[in-house]
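Chemist: Pasting in a structure now, in structure tokens, and then I'll have a few things to ask.
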Amino acid sequence: MADKLRITLKKSTIGCIPKHKKIVESLGLKKLNHTVEQPDNAAIRGMIKQVEYLVKVEE
């Protein structure tokens, strides 16, 4: 596995359940097509798994 993950918000959080909105915010994503780098660990992978329909992940 890579040391960092590039996470991009590809779909709006409008209409999502509040828990998923908070997960996206805690990943550091603010706007559509905003990309952040996060460490590759189990906690981040779990958050991505919850909102995989909203984000795109690159290793």
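Each chain in the structure tokens gets a letter, A, B, ..., in the order shown, and its residues are numbered from 1; ligands are numbered from 1 in order too.
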List every residue of stretch 7-59 of chain A that DSSP, applied to the backbone of this structure, assigns to alpha helix (DSSP H), and report them as a list in words.
Modeler: Pro18, Lys19, His20, Lys21, Lys22, Ile23, Val24, Glu25, Ser26, Ala42, Ala43, Ile44, Arg45, Gly46, Met47, Ile48, Lys49 and Gln50 of chain A
Chemist: With only C-alpha atoms as the counted atoms, please give the residues lying no more than 10 Å from A:His20, apart from itself and same-chain residues fewer than 3 positions off, as a list in words.
Modeler: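 Residues meeting the cut-off are Thr13, Cys16, Ile17, Ile23, Val24, Glu25, Ser26, Met47, Ile48, Gln50, Val51 and Leu54 of chain A.
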Chemist: Could those selected residues go to a file with N, CA, C and O atoms, as a PDB file, in the first residue's frame?
Modeler:
```pdb
ATOM      1  N   THR A  13     -22.656  16.656  -1.226  1.00  0.00           N
ATOM      2  CA  THR A  13     -23.209  16.056  -0.020  1.00  0.00           C
ATOM      3  C   THR A  13     -24.636  16.525   0.247  1.00  0.00           C
ATOM      4  O   THR A  13     -25.228  16.131   1.249  1.00  0.00           O
ATOM      5  N   CYS A  16     -27.439  14.025   1.450  1.00  0.00           N
ATOM      6  CA  CYS A  16     -26.847  12.863   2.127  1.00  0.00           C
ATOM      7  C   CYS A  16     -27.277  12.855   3.591  1.00  0.00           C
ATOM      8  O   CYS A  16     -27.676  13.869   4.137  1.00  0.00           O
ATOM      9  N   ILE A  17     -27.116  11.689   4.218  1.00  0.00           N
ATOM     10  CA  ILE A  17     -27.436  11.638   5.639  1.00  0.00           C
ATOM     11  C   ILE A  17     -26.368  12.423   6.414  1.00  0.00           C
ATOM     12  O   ILE A  17     -25.219  12.511   5.975  1.00  0.00           O
ATOM     13  N   ILE A  23     -18.466  12.900   7.913  1.00  0.00           N
ATOM     14  CA  ILE A  23     -17.308  12.104   7.504  1.00  0.00           C
ATOM     15  C   ILE A  23     -16.534  12.820   6.411  1.00  0.00           C
ATOM     16  O   ILE A  23     -15.309  12.916   6.462  1.00  0.00           O
ATOM     17  N   VAL A  24     -17.255  13.354   5.412  1.00  0.00           N
ATOM     18  CA  VAL A  24     -16.594  14.086   4.325  1.00  0.00           C
ATOM     19  C   VAL A  24     -15.854  15.295   4.878  1.00  0.00           C
ATOM     20  O   VAL A  24     -14.711  15.561   4.503  1.00  0.00           O
ATOM     21  N   GLU A  25     -16.481  16.010   5.794  1.00  0.00           N
ATOM     22  CA  GLU A  25     -15.841  17.180   6.405  1.00  0.00           C
ATOM     23  C   GLU A  25     -14.604  16.781   7.206  1.00  0.00           C
ATOM     24  O   GLU A  25     -13.581  17.457   7.167  1.00  0.00           O
ATOM     25  N   SER A  26     -14.672  15.663   7.913  1.00  0.00           N
ATOM     26  CA  SER A  26     -13.533  15.237   8.718  1.00  0.00           C
ATOM     27  C   SER A  26     -12.378  14.727   7.860  1.00  0.00           C
ATOM     28  O   SER A  26     -11.231  14.713   8.310  1.00  0.00           O
ATOM     29  N   MET A  47     -13.435   5.381   6.898  1.00  0.00           N
ATOM     30  CA  MET A  47     -14.226   6.560   6.553  1.00  0.00           C
ATOM     31  C   MET A  47     -14.514   6.590   5.062  1.00  0.00           C
ATOM     32  O   MET A  47     -15.633   6.912   4.651  1.00  0.00           O
ATOM     33  N   ILE A  48     -13.528   6.240   4.248  1.00  0.00           N
ATOM     34  CA  ILE A  48     -13.723   6.211   2.800  1.00  0.00           C
ATOM     35  C   ILE A  48     -14.769   5.166   2.430  1.00  0.00           C
ATOM     36  O   ILE A  48     -15.613   5.398   1.556  1.00  0.00           O
ATOM     37  N   GLN A  50     -17.344   4.259   4.057  1.00  0.00           N
ATOM     38  CA  GLN A  50     -18.680   4.771   4.352  1.00  0.00           C
ATOM     39  C   GLN A  50     -19.208   5.697   3.255  1.00  0.00           C
ATOM     40  O   GLN A  50     -20.399   5.714   2.978  1.00  0.00           O
ATOM     41  N   VAL A  51     -18.323   6.486   2.641  1.00  0.00           N
ATOM     42  CA  VAL A  51     -18.762   7.495   1.668  1.00  0.00           C
ATOM     43  C   VAL A  51     -18.166   7.237   0.283  1.00  0.00           C
ATOM     44  O   VAL A  51     -17.936   8.165  -0.475  1.00  0.00           O
ATOM     45  N   LEU A  54     -19.384   8.996  -2.841  1.00  0.00           N
ATOM     46  CA  LEU A  54     -19.156  10.425  -2.974  1.00  0.00           C
ATOM     47  C   LEU A  54     -17.741  10.785  -3.403  1.00  0.00           C
ATOM     48  O   LEU A  54     -17.519  11.899  -3.902  1.00  0.00           O
TER      49      LEU A  54
END
```
Chemist: For A:His34, which residue out of A:Lys22, A:Glu59, A:Ile14, A:Arg6 is the nearest one, using only C-alpha atoms?
Modeler: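 Answer, going by the shortest atom-to-atom distance: A:Arg6.
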Chemist: Identify, on the basis of only C-alpha atoms, every residue whose closest approach to A:Lys56 does not exceed 12 Å; exclude the query and any residue fewer than 4 positions from it along the same chain; express the result as JSON, numbers by chain.
Modeler: {"A": [5, 6, 7, 8, 9, 10, 11, 24, 29, 32, 33, 34, 35, 36, 37, 48, 49, 51, 52]}
Chemist: Using DSSP on the backbone, list every residue of stretch 9-48 of chain A that comes out as strand (DSSP E or B), and give them as a PyMOL selection string.
Modeler: chain A and resi 9+35-39
Chemist: May I have the residues from that selection written out with N, CA and C atoms, as an mmCIF file, in the first residue's frame?
Modeler:
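So the final result, stored in result_36.cif, reads:
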```
data_model
loop_
_atom_site.group_PDB
_atom_site.id
_atom_site.type_symbol
_atom_site.label_atom_id
_atom_site.label_comp_id
_atom_site.auth_asym_id
_atom_site.auth_seq_id
_atom_site.Cartn_x
_atom_site.Cartn_y
_atom_site.Cartn_z
ATOM 1 N N LEU A 9 -13.469 14.775 -3.728
ATOM 2 C CA LEU A 9 -14.920 14.795 -3.598
ATOM 3 C C LEU A 9 -15.528 14.933 -4.985
ATOM 4 N N THR A 35 -9.353 18.126 -3.600
ATOM 5 C CA THR A 35 -8.521 16.950 -3.363
ATOM 6 C C THR A 35 -7.642 17.170 -2.139
ATOM 7 N N VAL A 36 -7.561 16.141 -1.306
ATOM 8 C CA VAL A 36 -6.689 16.178 -0.137
ATOM 9 C C VAL A 36 -5.860 14.905 -0.104
ATOM 10 N N GLU A 37 -4.737 14.961 0.598
ATOM 11 C CA GLU A 37 -3.918 13.776 0.822
ATOM 12 C C GLU A 37 -4.034 13.399 2.289
ATOM 13 N N GLN A 38 -4.331 12.138 2.531
ATOM 14 C CA GLN A 38 -4.461 11.622 3.882
ATOM 15 C C GLN A 38 -3.567 10.400 4.022
ATOM 16 N N PRO A 39 -3.110 10.107 5.225
ATOM 17 C CA PRO A 39 -2.301 8.902 5.432
ATOM 18 C C PRO A 39 -3.139 7.651 5.175
#
```
Chemist: Calculate how many Å separate atom CA of A:Asp40 from atom CA of A:Tyr53, rounding to one decimal.
Modeler: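 We find that atom CA of A:Asp40 and atom CA of A:Tyr53 lie 18.9 Å from each other.
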Chemist: For the atom pair atom CA of A:Lys31 and atom CA of A:Val55, what is the interatomic distance in Å to one decimal place?
Modeler: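 Answer for the atom CA of A:Lys31 to atom CA of A:Val55 separation: 11.5 Å.
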Chemist: Using only C-alpha atoms for the distances, tell me which of A:Ser12, A:Ile44, A:Lys4, A:Val57 is nearest to A:Leu27.
Modeler: A:Ile44
